[in-house]
>>> print(open('input.tsv').read())   # TSV, N, CA and C atoms and all ligand atoms
chain	number	residue	atom	x	y	z
A	300	MET	N	-53.95	31.44	-11.59
A	300	MET	CA	-55.11	30.68	-12.09
A	300	MET	C	-55.26	30.91	-13.60
A	301	THR	N	-55.38	29.84	-14.33
A	301	THR	CA	-55.53	29.98	-15.78
A	301	THR	C	-56.99	30.30	-16.14
A	302	THR	N	-57.19	30.73	-17.38
A	302	THR	CA	-58.55	31.04	-17.84
A	302	THR	C	-59.44	29.80	-17.76
A	303	GLU	N	-58.86	28.63	-18.11
A	303	GLU	CA	-59.62	27.38	-18.06
A	303	GLU	C	-60.05	27.08	-16.63
A	304	GLU	N	-59.11	27.22	-15.71
A	304	GLU	CA	-59.41	26.95	-14.31
A	304	GLU	C	-60.51	27.88	-13.80
A	305	LYS	N	-60.41	29.14	-14.21
A	305	LYS	CA	-61.40	30.12	-13.79
A	305	LYS	C	-62.78	29.78	-14.35
A	306	ALA	N	-62.81	29.35	-15.61
A	306	ALA	CA	-64.09	28.99	-16.24
A	306	ALA	C	-64.72	27.80	-15.52
A	307	LEU	N	-63.88	26.82	-15.18
A	307	LEU	CA	-64.37	25.64	-14.46
A	307	LEU	C	-64.90	26.02	-13.09
A	308	LEU	N	-64.16	26.89	-12.45
A	308	LEU	CA	-64.53	27.33	-11.11
A	308	LEU	C	-65.87	28.07	-11.15
A	309	LYS	N	-66.03	28.88	-12.18
A	309	LYS	CA	-67.27	29.64	-12.35
A	309	LYS	C	-68.46	28.69	-12.51
A	310	GLN	N	-68.24	27.66	-13.34
A	310	GLN	CA	-69.28	26.64	-13.54
A	310	GLN	C	-69.65	25.98	-12.22
A	311	LYS	N	-68.62	25.66	-11.47
A	311	LYS	CA	-68.78	24.99	-10.20
A	311	LYS	C	-69.59	25.86	-9.23
A	312	ILE	N	-69.24	27.13	-9.16
A	312	ILE	CA	-69.96	28.05	-8.27
A	312	ILE	C	-71.41	28.14	-8.68
A	313	GLU	N	-71.65	28.27	-9.99
A	313	GLU	CA	-73.03	28.39	-10.47
A	313	GLU	C	-73.85	27.15	-10.12
A	314	MET	N	-73.21	25.97	-10.27
A	314	MET	CA	-73.91	24.73	-9.93
A	314	MET	C	-74.21	24.66	-8.44
A	315	GLU	N	-73.24	25.11	-7.64
A	315	GLU	CA	-73.44	25.06	-6.20
A	315	GLU	C	-74.53	26.01	-5.76
A	316	ILE	N	-74.59	27.16	-6.39
A	316	ILE	CA	-75.64	28.13	-6.08
A	316	ILE	C	-77.01	27.53	-6.40
A	317	GLN	N	-77.10	26.84	-7.53
A	317	GLN	CA	-78.37	26.21	-7.92
A	317	GLN	C	-78.80	25.16	-6.90
A	318	ALA	N	-77.83	24.33	-6.49
A	318	ALA	CA	-78.12	23.28	-5.52
A	318	ALA	C	-78.55	23.90	-4.19
A	319	LEU	N	-77.85	24.97	-3.81
A	319	LEU	CA	-78.19	25.66	-2.56
A	319	LEU	C	-79.59	26.25	-2.61
A	320	GLN	N	-79.94	26.81	-3.76
A	320	GLN	CA	-81.26	27.40	-3.92
A	320	GLN	C	-82.35	26.37	-3.64
A	321	LYS	N	-82.16	25.17	-4.20
A	321	LYS	CA	-83.12	24.10	-3.99
A	321	LYS	C	-83.19	23.73	-2.52
A	322	GLN	N	-81.99	23.61	-1.91
A	322	GLN	CA	-81.91	23.22	-0.51
A	322	GLN	C	-82.61	24.27	0.36
A	323	ILE	N	-82.41	25.54	0.04
A	323	ILE	CA	-83.01	26.62	0.81
A	323	ILE	C	-84.53	26.58	0.70
A	324	GLU	N	-85.02	26.31	-0.52
A	324	GLU	CA	-86.47	26.18	-0.71
A	324	GLU	C	-87.04	25.11	0.20
A	325	THR	N	-86.41	23.93	0.17
A	325	THR	CA	-86.86	22.80	0.99
A	325	THR	C	-86.82	23.16	2.47
A	326	LEU	N	-85.73	23.79	2.88
A	326	LEU	CA	-85.57	24.12	4.29
A	326	LEU	C	-86.59	25.17	4.74
A	327	LYS	N	-86.88	26.12	3.87
A	327	LYS	CA	-87.88	27.14	4.21
A	327	LYS	C	-89.23	26.49	4.43
A	328	GLU	N	-89.51	25.49	3.60
A	328	GLU	CA	-90.75	24.74	3.71
A	328	GLU	C	-90.80	24.03	5.08
A	329	LYS	N	-89.67	23.45	5.45
A	329	LYS	CA	-89.59	22.67	6.69
A	329	LYS	C	-89.56	23.54	7.94
A	330	THR	N	-89.13	24.79	7.80
A	330	THR	CA	-89.00	25.63	8.99
A	330	THR	C	-90.22	26.52	9.20
A	331	LYS	N	-91.27	26.27	8.44
A	331	LYS	CA	-92.51	27.01	8.68
A	331	LYS	C	-92.99	26.71	10.09
A	332	PRO	N	-93.56	27.73	10.76
A	332	PRO	CA	-94.01	27.49	12.14
A	332	PRO	C	-95.02	26.36	12.20
A	333	ILE	N	-94.91	25.54	13.28
A	333	ILE	CA	-95.82	24.41	13.43
A	333	ILE	C	-97.14	24.93	14.02
A	334	SER	N	-98.20	24.66	13.34
A	334	SER	CA	-99.51	25.09	13.82
A	334	SER	C	-99.85	24.37	15.12
A	335	PRO	N	-100.37	25.10	16.13
A	335	PRO	CA	-100.63	24.46	17.43
A	335	PRO	C	-101.76	23.44	17.38
A	336	ASP	N	-102.58	23.49	16.34
A	336	ASP	CA	-103.70	22.56	16.30
A	336	ASP	C	-103.61	21.57	15.14
A	337	CYS	N	-102.39	21.18	14.82
A	337	CYS	CA	-102.27	20.28	13.68
A	337	CYS	C	-102.34	18.82	14.09
A	338	GLY	N	-102.74	18.58	15.37
A	338	GLY	CA	-103.07	17.23	15.78
A	338	GLY	C	-101.88	16.34	16.12
A	339	LEU	N	-100.72	16.94	16.36
A	339	LEU	CA	-99.58	16.14	16.77
A	339	LEU	C	-99.66	15.90	18.27
A	340	GLY	N	-99.20	14.75	18.72
A	340	GLY	CA	-99.11	14.48	20.14
A	340	GLY	C	-98.00	15.33	20.74
A	341	ARG	N	-97.93	15.40	22.07
A	341	ARG	CA	-96.96	16.27	22.73
A	341	ARG	C	-95.52	15.88	22.35
A	342	LEU	N	-95.24	14.60	22.41
A	342	LEU	CA	-93.89	14.13	22.13
A	342	LEU	C	-93.52	14.42	20.68
A	343	THR	N	-94.45	14.15	19.78
A	343	THR	CA	-94.20	14.40	18.36
A	343	THR	C	-93.94	15.88	18.13
A	344	ARG	N	-94.68	16.71	18.88
A	344	ARG	CA	-94.51	18.15	18.74
A	344	ARG	C	-93.09	18.56	19.15
A	345	LEU	N	-92.63	18.02	20.29
A	345	LEU	CA	-91.28	18.32	20.76
A	345	LEU	C	-90.25	17.86	19.73
A	346	GLU	N	-90.46	16.70	19.19
A	346	GLU	CA	-89.55	16.19	18.16
A	346	GLU	C	-89.54	17.12	16.96
A	347	ALA	N	-90.74	17.52	16.56
A	347	ALA	CA	-90.87	18.41	15.41
A	347	ALA	C	-90.17	19.73	15.66
A	348	MET	N	-90.27	20.23	16.90
A	348	MET	CA	-89.62	21.49	17.23
A	348	MET	C	-88.09	21.34	17.20
A	349	GLY	N	-87.62	20.21	17.72
A	349	GLY	CA	-86.18	19.94	17.70
A	349	GLY	C	-85.67	19.88	16.28
A	350	GLU	N	-86.38	19.23	15.44
A	350	GLU	CA	-86.00	19.09	14.04
A	350	GLU	C	-86.02	20.46	13.35
A	351	SER	N	-87.05	21.23	13.69
A	351	SER	CA	-87.18	22.56	13.12
A	351	SER	C	-85.99	23.43	13.51
A	352	HIS	N	-85.53	23.29	14.75
A	352	HIS	CA	-84.38	24.04	15.23
A	352	HIS	C	-83.14	23.72	14.39
A	353	VAL	N	-82.92	22.43	14.16
A	353	VAL	CA	-81.79	21.99	13.36
A	353	VAL	C	-81.91	22.55	11.94
A	354	ASN	N	-83.12	22.47	11.38
A	354	ASN	CA	-83.33	22.97	10.03
A	354	ASN	C	-83.07	24.47	9.93
A	355	HIS	N	-83.44	25.20	10.98
A	355	HIS	CA	-83.18	26.65	11.00
A	355	HIS	C	-81.69	26.93	10.93
A	356	LYS	N	-80.95	26.12	11.68
A	356	LYS	CA	-79.50	26.29	11.71
A	356	LYS	C	-78.91	26.02	10.33
A	357	VAL	N	-79.34	24.91	9.72
A	357	VAL	CA	-78.85	24.56	8.40
A	357	VAL	C	-79.25	25.64	7.39
A	358	LEU	N	-80.47	26.16	7.55
A	358	LEU	CA	-80.95	27.21	6.66
A	358	LEU	C	-80.08	28.46	6.76
A	359	ASP	N	-79.76	28.86	8.00
A	359	ASP	CA	-78.90	30.03	8.21
A	359	ASP	C	-77.54	29.83	7.54
A	360	GLU	N	-76.99	28.63	7.73
A	360	GLU	CA	-75.68	28.34	7.13
A	360	GLU	C	-75.76	28.35	5.61
A	361	SER	N	-76.84	27.80	5.07
A	361	SER	CA	-77.02	27.77	3.62
A	361	SER	C	-77.14	29.18	3.05
A	362	LEU	N	-77.85	30.04	3.77
A	362	LEU	CA	-78.02	31.42	3.30
A	362	LEU	C	-76.69	32.17	3.32
A	363	LEU	N	-75.90	31.90	4.36
A	363	LEU	CA	-74.58	32.53	4.48
A	363	LEU	C	-73.67	32.08	3.34
A	364	ARG	N	-73.69	30.78	3.08
A	364	ARG	CA	-72.86	30.21	2.02
A	364	ARG	C	-73.29	30.78	0.66
A	365	MET	N	-74.59	30.92	0.50
A	365	MET	CA	-75.15	31.47	-0.73
A	365	MET	C	-74.61	32.88	-0.97
A	366	THR	N	-74.60	33.71	0.09
A	366	THR	CA	-74.08	35.07	-0.02
A	366	THR	C	-72.61	35.05	-0.43
A	367	ARG	N	-71.85	34.15	0.21
A	367	ARG	CA	-70.41	34.07	-0.09
A	367	ARG	C	-70.16	33.64	-1.52
A	368	LEU	N	-70.95	32.65	-1.97
A	368	LEU	CA	-70.77	32.15	-3.34
A	368	LEU	C	-71.17	33.20	-4.36
A	369	THR	N	-72.25	33.93	-4.06
A	369	THR	CA	-72.68	34.99	-4.96
A	369	THR	C	-71.61	36.07	-5.05
A	370	ASN	N	-71.01	36.39	-3.90
A	370	ASN	CA	-69.90	37.35	-3.89
A	370	ASN	C	-68.73	36.85	-4.72
A	371	ALA	N	-68.40	35.57	-4.54
A	371	ALA	CA	-67.28	34.97	-5.27
A	371	ALA	C	-67.54	35.07	-6.78
A	372	LEU	N	-68.78	34.81	-7.15
A	372	LEU	CA	-69.15	34.84	-8.56
A	372	LEU	C	-69.02	36.26	-9.13
A	373	SER	N	-69.34	37.25	-8.33
A	373	SER	CA	-69.24	38.64	-8.79
A	373	SER	C	-67.78	39.10	-8.83
A	374	ARG	N	-66.91	38.42	-8.09
A	374	ARG	CA	-65.50	38.81	-8.04
A	374	ARG	C	-64.65	38.05	-9.05
A	375	ILE	N	-65.24	37.00	-9.65
A	375	ILE	CA	-64.41	36.05	-10.40
A	375	ILE	C	-63.68	36.68	-11.57
A	376	GLU	N	-64.23	37.71	-12.19
A	376	GLU	CA	-63.56	38.35	-13.32
A	376	GLU	C	-62.54	39.40	-12.86
A	377	HIS	N	-62.54	39.67	-11.58
A	377	HIS	CA	-61.61	40.65	-11.02
A	377	HIS	C	-60.20	40.08	-11.01
A	378	PRO	N	-59.19	40.90	-11.34
A	378	PRO	CA	-57.82	40.37	-11.37
A	378	PRO	C	-57.33	39.86	-10.02
A	379	MET	N	-57.93	40.34	-8.92
A	379	MET	CA	-57.50	39.89	-7.60
A	379	MET	C	-58.20	38.62	-7.15
A	380	PHE	N	-59.09	38.09	-7.98
A	380	PHE	CA	-59.78	36.86	-7.60
A	380	PHE	C	-58.79	35.71	-7.53
A	381	GLY	N	-58.83	34.96	-6.45
A	381	GLY	CA	-57.90	33.84	-6.30
A	381	GLY	C	-56.56	34.25	-5.72
A	382	ILE	N	-56.44	35.56	-5.40
A	382	ILE	CA	-55.22	36.07	-4.78
A	382	ILE	C	-55.52	36.34	-3.31
A	383	CYS	N	-54.63	35.89	-2.45
A	383	CYS	CA	-54.81	36.06	-1.01
A	383	CYS	C	-54.77	37.55	-0.64
A	384	ILE	N	-55.75	37.99	0.19
A	384	ILE	CA	-55.80	39.41	0.55
A	384	ILE	C	-54.71	39.78	1.55
A	385	GLU	N	-54.11	38.77	2.18
A	385	GLU	CA	-53.06	39.06	3.17
A	385	GLU	C	-51.67	39.11	2.52
A	386	CYS	N	-51.29	38.02	1.84
A	386	CYS	CA	-49.92	37.93	1.35
A	386	CYS	C	-49.83	38.13	-0.17
A	387	GLU	N	-50.99	38.28	-0.82
A	387	GLU	CA	-51.07	38.53	-2.26
A	387	GLU	C	-50.43	37.43	-3.12
A	388	GLU	N	-50.36	36.23	-2.54
A	388	GLU	CA	-49.93	35.07	-3.32
A	388	GLU	C	-51.19	34.41	-3.88
A	389	GLU	N	-51.02	33.56	-4.90
A	389	GLU	CA	-52.16	32.81	-5.41
A	389	GLU	C	-52.66	31.85	-4.35
A	390	ILE	N	-53.97	31.77	-4.20
A	390	ILE	CA	-54.54	30.92	-3.17
A	390	ILE	C	-54.36	29.44	-3.53
A	391	GLY	N	-54.37	29.11	-4.78
A	391	GLY	CA	-54.19	27.70	-5.18
A	391	GLY	C	-55.52	27.12	-5.61
A	392	ILE	N	-55.50	26.50	-6.76
A	392	ILE	CA	-56.74	26.02	-7.37
A	392	ILE	C	-57.41	24.95	-6.53
A	393	GLY	N	-56.62	24.14	-5.85
A	393	GLY	CA	-57.18	23.07	-5.01
A	393	GLY	C	-58.11	23.63	-3.97
A	394	ARG	N	-57.64	24.65	-3.28
A	394	ARG	CA	-58.45	25.28	-2.24
A	394	ARG	C	-59.64	26.03	-2.84
A	395	MET	N	-59.43	26.70	-3.96
A	395	MET	CA	-60.51	27.45	-4.60
A	395	MET	C	-61.63	26.53	-5.07
A	396	GLU	N	-61.24	25.29	-5.45
A	396	GLU	CA	-62.26	24.35	-5.90
A	396	GLU	C	-63.14	23.90	-4.74
A	397	VAL	N	-62.52	23.73	-3.59
A	397	VAL	CA	-63.28	23.29	-2.42
A	397	VAL	C	-64.08	24.45	-1.84
A	398	ARG	N	-63.41	25.61	-1.74
A	398	ARG	CA	-64.08	26.79	-1.19
A	398	ARG	C	-63.84	27.99	-2.09
A	399	PRO	N	-64.65	28.12	-3.14
A	399	PRO	CA	-64.45	29.21	-4.12
A	399	PRO	C	-64.58	30.59	-3.48
A	400	GLU	N	-65.17	30.65	-2.28
A	400	GLU	CA	-65.37	31.94	-1.63
A	400	GLU	C	-64.14	32.39	-0.84
A	401	SER	N	-63.07	31.56	-0.86
A	401	SER	CA	-61.87	31.89	-0.11
A	401	SER	C	-61.25	33.21	-0.54
A	402	VAL	N	-60.84	34.01	0.43
A	402	VAL	CA	-60.11	35.24	0.11
A	402	VAL	C	-58.70	35.21	0.70
A	403	ARG	N	-58.42	34.15	1.48
A	403	ARG	CA	-57.09	33.99	2.06
A	403	ARG	C	-56.54	32.63	1.69
A	404	CYS	N	-55.20	32.53	1.57
A	404	CYS	CA	-54.58	31.24	1.33
A	404	CYS	C	-54.59	30.42	2.63
A	405	VAL	N	-54.23	29.17	2.52
A	405	VAL	CA	-54.27	28.28	3.69
A	405	VAL	C	-53.40	28.83	4.82
A	406	ALA	N	-52.18	29.26	4.48
A	406	ALA	CA	-51.23	29.74	5.49
A	406	ALA	C	-51.80	30.94	6.24
A	407	CYS	N	-52.35	31.90	5.51
A	407	CYS	CA	-52.88	33.11	6.15
A	407	CYS	C	-54.14	32.81	6.96
A	408	THR	N	-54.96	31.86	6.50
A	408	THR	CA	-56.14	31.47	7.26
A	408	THR	C	-55.70	30.88	8.59
A	409	ASN	N	-54.67	30.05	8.55
A	409	ASN	CA	-54.19	29.44	9.78
A	409	ASN	C	-53.56	30.47	10.71
A	410	ASN	N	-52.91	31.47	10.15
A	410	ASN	CA	-52.33	32.53	10.96
A	410	ASN	C	-53.40	33.37	11.64
A	411	ALA	N	-54.51	33.56	10.90
A	411	ALA	CA	-55.58	34.43	11.42
A	411	ALA	C	-56.29	33.80	12.60
A	412	THR	N	-56.32	32.47	12.66
A	412	THR	CA	-57.08	31.82	13.74
A	412	THR	C	-56.21	31.41	14.91
B	1	ZN	ZN	-51.83	34.36	2.10
>>> encode(input="input.tsv", output="structure tokens")
Amino acid sequence: MTTEEKALLKQKIEMEIQALQKQIETLKEKTKPISPDCGLGRLTRLEAMGESHVNHKVLDESLLRMTRLTNALSRIEHPMFGICIECEEEIGIGRMEVRPESVRCVACTNNAT
């Protein structure tokens, strides 16, 4: 990975973290417990609960991704960043752009699963 590629990747991670932060704020707002006396009909309440369940799931995933991206950002200056932990080959900029949190190359990821 060249210095330019690394700089671009860093920018990308920072932007994604910002976007995630906003998304997490919105989701936290949406996943607040529904007050039992907020005047919703029974059906609407069930719908609201179903939606809340989905939002909780998305929120969990967003928080997990946030942790991974933050880790990636803290590792980016490390010489092993972008190097596969299994085969120690370069992971490849294409994959790092899509998933900057990757620690394994495509081949090793496929072998692991
Ligand atoms: Zn590998």
>>> atom_distance(input="input.tsv", atom1="atom C of Ala406 (chain A)", atom2="atom ZN of ligand ZN 1 (chain B)")
5.4 Å
>>> select_by_dssp(input="input.tsv", residues="chain A", states="helix (DSSP H, G or I)", output="PyMOL selection string")
chain A and resi 302-329+341-374+392-397+405-411
>>> residues_around(input="input.tsv", residues="Cys386 (chain A)", least_positions_apart="5", cutoff="10 Å", atoms="only C-alpha atoms", output="number ranges by chain")
A: 403-404, 406-407
>>> write_last_selection(input="input.tsv", atoms="N, CA and C atoms", output="PDB file, in the frame of the given file")
ATOM      1  N   ARG A 403     -58.420  34.150   1.480  1.00  0.00           N
ATOM      2  CA  ARG A 403     -57.090  33.990   2.060  1.00  0.00           C
ATOM      3  C   ARG A 403     -56.540  32.630   1.690  1.00  0.00           C
ATOM      4  N   CYS A 404     -55.200  32.530   1.570  1.00  0.00           N
ATOM      5  CA  CYS A 404     -54.580  31.240   1.330  1.00  0.00           C
ATOM      6  C   CYS A 404     -54.590  30.420   2.630  1.00  0.00           C
ATOM      7  N   ALA A 406     -52.180  29.260   4.480  1.00  0.00           N
ATOM      8  CA  ALA A 406     -51.230  29.740   5.490  1.00  0.00           C
ATOM      9  C   ALA A 406     -51.800  30.940   6.240  1.00  0.00           C
ATOM     10  N   CYS A 407     -52.350  31.900   5.510  1.00  0.00           N
ATOM     11  CA  CYS A 407     -52.880  33.110   6.150  1.00  0.00           C
ATOM     12  C   CYS A 407     -54.140  32.810   6.960  1.00  0.00           C
TER      13      CYS A 407
END
>>> atom_distance(input="input.tsv", atom1="atom N of Thr330 (chain A)", atom2="atom C of Lys311 (chain A)")
25.9 Å
>>> residues_near_point(input="input.tsv", point="(-59.3, 28.2, 1.4)", cutoff="6.5 Å", atoms="only N, CA and C atoms", output="JSON, numbers by chain")
{"A": [394, 395, 398, 401, 402, 403, 404, 405]}
>>> atom_distance(input="input.tsv", atom1="atom C of Met365 (chain A)", atom2="CA of Val353 (chain A)")
19.4 Å
>>> residues_around(input="input.tsv", residues="region 371-381 of chain A", least_positions_apart="4", cutoff="6.5 Å", atoms="all atoms listed in the file", output="MDAnalysis selection string")
chainID A and resid 366:367 388:391 399:400
>>> write_last_selection(input="input.tsv", atoms="N, CA and C atoms", output="mmCIF file, keeping the file's coordinate frame")
data_model
loop_
_atom_site.group_PDB
_atom_site.id
_atom_site.type_symbol
_atom_site.label_atom_id
_atom_site.label_comp_id
_atom_site.auth_asym_id
_atom_site.auth_seq_id
_atom_site.Cartn_x
_atom_site.Cartn_y
_atom_site.Cartn_z
ATOM 1 N N THR A 366 -74.600 33.710 0.090
ATOM 2 C CA THR A 366 -74.080 35.070 -0.020
ATOM 3 C C THR A 366 -72.610 35.050 -0.430
ATOM 4 N N ARG A 367 -71.850 34.150 0.210
ATOM 5 C CA ARG A 367 -70.410 34.070 -0.090
ATOM 6 C C ARG A 367 -70.160 33.640 -1.520
ATOM 7 N N GLU A 388 -50.360 36.230 -2.540
ATOM 8 C CA GLU A 388 -49.930 35.070 -3.320
ATOM 9 C C GLU A 388 -51.190 34.410 -3.880
ATOM 10 N N GLU A 389 -51.020 33.560 -4.900
ATOM 11 C CA GLU A 389 -52.160 32.810 -5.410
ATOM 12 C C GLU A 389 -52.660 31.850 -4.350
ATOM 13 N N ILE A 390 -53.970 31.770 -4.200
ATOM 14 C CA ILE A 390 -54.540 30.920 -3.170
ATOM 15 C C ILE A 390 -54.360 29.440 -3.530
ATOM 16 N N GLY A 391 -54.370 29.110 -4.780
ATOM 17 C CA GLY A 391 -54.190 27.700 -5.180
ATOM 18 C C GLY A 391 -55.520 27.120 -5.610
ATOM 19 N N PRO A 399 -64.650 28.120 -3.140
ATOM 20 C CA PRO A 399 -64.450 29.210 -4.120
ATOM 21 C C PRO A 399 -64.580 30.590 -3.480
ATOM 22 N N GLU A 400 -65.170 30.650 -2.280
ATOM 23 C CA GLU A 400 -65.370 31.940 -1.630
ATOM 24 C C GLU A 400 -64.140 32.390 -0.840
#
>>> closest_residue(input="input.tsv", among="A:Ile384, A:Val397, A:Ile323, A:Leu342", to="Leu362 (chain A)", atoms="all atoms listed in the file")
A:Ile323
>>> closest_residue(input="input.tsv", among="A:Lys356, A:Ala411, A:Cys383, A:Gly349", to="ligand ZN 1 (chain B)", atoms="all atoms listed in the file")
A:Cys383
>>> closest_residue(input="input.tsv", among="A:Leu308, A:Pro332, A:Glu324, A:Glu396", to="Val357 (chain A)", atoms="only C-alpha atoms")
A:Glu324
>>> closest_residue(input="input.tsv", among="A:Leu326, A:Ala306, A:Leu363, A:Ile382", to="ligand ZN 1 (chain B)", atoms="only C-alpha atoms and all ligand atoms")
A:Ile382
>>> closest_residue(input="input.tsv", among="A:Met348, A:Thr302, A:Ser361, A:Asn354", to="Gln320 (chain A)", atoms="all atoms listed in the file")
A:Ser361
>>> decode(input="input.tsv", residues="region 379-402 of chain A", atoms="N, CA and C atoms", output="mmCIF file, in the first residue's frame")
data_model
loop_
_atom_site.group_PDB
_atom_site.id
_atom_site.type_symbol
_atom_site.label_atom_id
_atom_site.label_comp_id
_atom_site.auth_asym_id
_atom_site.auth_seq_id
_atom_site.Cartn_x
_atom_site.Cartn_y
_atom_site.Cartn_z
ATOM 1 N N MET A 379 2.075 -3.217 9.827
ATOM 2 C CA MET A 379 1.337 -4.424 9.452
ATOM 3 C C MET A 379 -0.066 -4.120 8.939
ATOM 4 N N PHE A 380 -0.430 -2.841 8.909
ATOM 5 C CA PHE A 380 -1.763 -2.498 8.412
ATOM 6 C C PHE A 380 -1.867 -2.831 6.929
ATOM 7 N N GLY A 381 -2.929 -3.512 6.549
ATOM 8 C CA GLY A 381 -3.102 -3.886 5.150
ATOM 9 C C GLY A 381 -2.386 -5.176 4.784
ATOM 10 N N ILE A 382 -1.748 -5.791 5.798
ATOM 11 C CA ILE A 382 -1.074 -7.071 5.593
ATOM 12 C C ILE A 382 -1.921 -8.161 6.243
ATOM 13 N N CYS A 383 -2.128 -9.242 5.510
ATOM 14 C CA CYS A 383 -2.944 -10.342 6.007
ATOM 15 C C CYS A 383 -2.278 -11.005 7.214
ATOM 16 N N ILE A 384 -3.073 -11.241 8.292
ATOM 17 C CA ILE A 384 -2.495 -11.826 9.498
ATOM 18 C C ILE A 384 -2.191 -13.315 9.320
ATOM 19 N N GLU A 385 -2.756 -13.922 8.285
ATOM 20 C CA GLU A 385 -2.527 -15.350 8.067
ATOM 21 C C GLU A 385 -1.301 -15.591 7.174
ATOM 22 N N CYS A 386 -1.320 -15.000 5.968
ATOM 23 C CA CYS A 386 -0.274 -15.328 4.998
ATOM 24 C C CYS A 386 0.747 -14.195 4.840
ATOM 25 N N GLU A 387 0.502 -13.075 5.525
ATOM 26 C CA GLU A 387 1.403 -11.918 5.518
ATOM 27 C C GLU A 387 1.639 -11.319 4.129
ATOM 28 N N GLU A 388 0.670 -11.560 3.236
ATOM 29 C CA GLU A 388 0.691 -10.895 1.934
ATOM 30 C C GLU A 388 -0.123 -9.609 2.062
ATOM 31 N N GLU A 389 0.071 -8.686 1.112
ATOM 32 C CA GLU A 389 -0.762 -7.480 1.106
ATOM 33 C C GLU A 389 -2.209 -7.857 0.833
ATOM 34 N N ILE A 390 -3.113 -7.245 1.570
ATOM 35 C CA ILE A 390 -4.526 -7.582 1.414
ATOM 36 C C ILE A 390 -5.061 -7.054 0.085
ATOM 37 N N GLY A 391 -4.559 -5.963 -0.396
ATOM 38 C CA GLY A 391 -5.032 -5.418 -1.676
ATOM 39 C C GLY A 391 -5.917 -4.221 -1.429
ATOM 40 N N ILE A 392 -5.622 -3.158 -2.129
ATOM 41 C CA ILE A 392 -6.290 -1.878 -1.883
ATOM 42 C C ILE A 392 -7.781 -1.952 -2.182
ATOM 43 N N GLY A 393 -8.151 -2.750 -3.168
ATOM 44 C CA GLY A 393 -9.565 -2.883 -3.532
ATOM 45 C C GLY A 393 -10.392 -3.349 -2.355
ATOM 46 N N ARG A 394 -9.907 -4.393 -1.706
ATOM 47 C CA ARG A 394 -10.615 -4.941 -0.552
ATOM 48 C C ARG A 394 -10.557 -3.984 0.638
ATOM 49 N N MET A 395 -9.415 -3.338 0.842
ATOM 50 C CA MET A 395 -9.275 -2.409 1.960
ATOM 51 C C MET A 395 -10.205 -1.207 1.812
ATOM 52 N N GLU A 396 -10.472 -0.833 0.541
ATOM 53 C CA GLU A 396 -11.375 0.299 0.320
ATOM 54 C C GLU A 396 -12.806 -0.059 0.695
ATOM 55 N N VAL A 397 -13.178 -1.292 0.392
ATOM 56 C CA VAL A 397 -14.538 -1.722 0.698
ATOM 57 C C VAL A 397 -14.676 -2.024 2.192
ATOM 58 N N ARG A 398 -13.666 -2.726 2.722
ATOM 59 C CA ARG A 398 -13.699 -3.075 4.145
ATOM 60 C C ARG A 398 -12.363 -2.749 4.786
ATOM 61 N N PRO A 399 -12.185 -1.492 5.193
ATOM 62 C CA PRO A 399 -10.889 -1.059 5.758
ATOM 63 C C PRO A 399 -10.533 -1.814 7.033
ATOM 64 N N GLU A 400 -11.523 -2.478 7.641
ATOM 65 C CA GLU A 400 -11.275 -3.183 8.887
ATOM 66 C C GLU A 400 -10.722 -4.596 8.649
ATOM 67 N N SER A 401 -10.541 -4.968 7.367
ATOM 68 C CA SER A 401 -10.064 -6.306 7.045
ATOM 69 C C SER A 401 -8.692 -6.585 7.646
ATOM 70 N N VAL A 402 -8.531 -7.780 8.206
ATOM 71 C CA VAL A 402 -7.213 -8.196 8.689
ATOM 72 C C VAL A 402 -6.717 -9.433 7.932
#
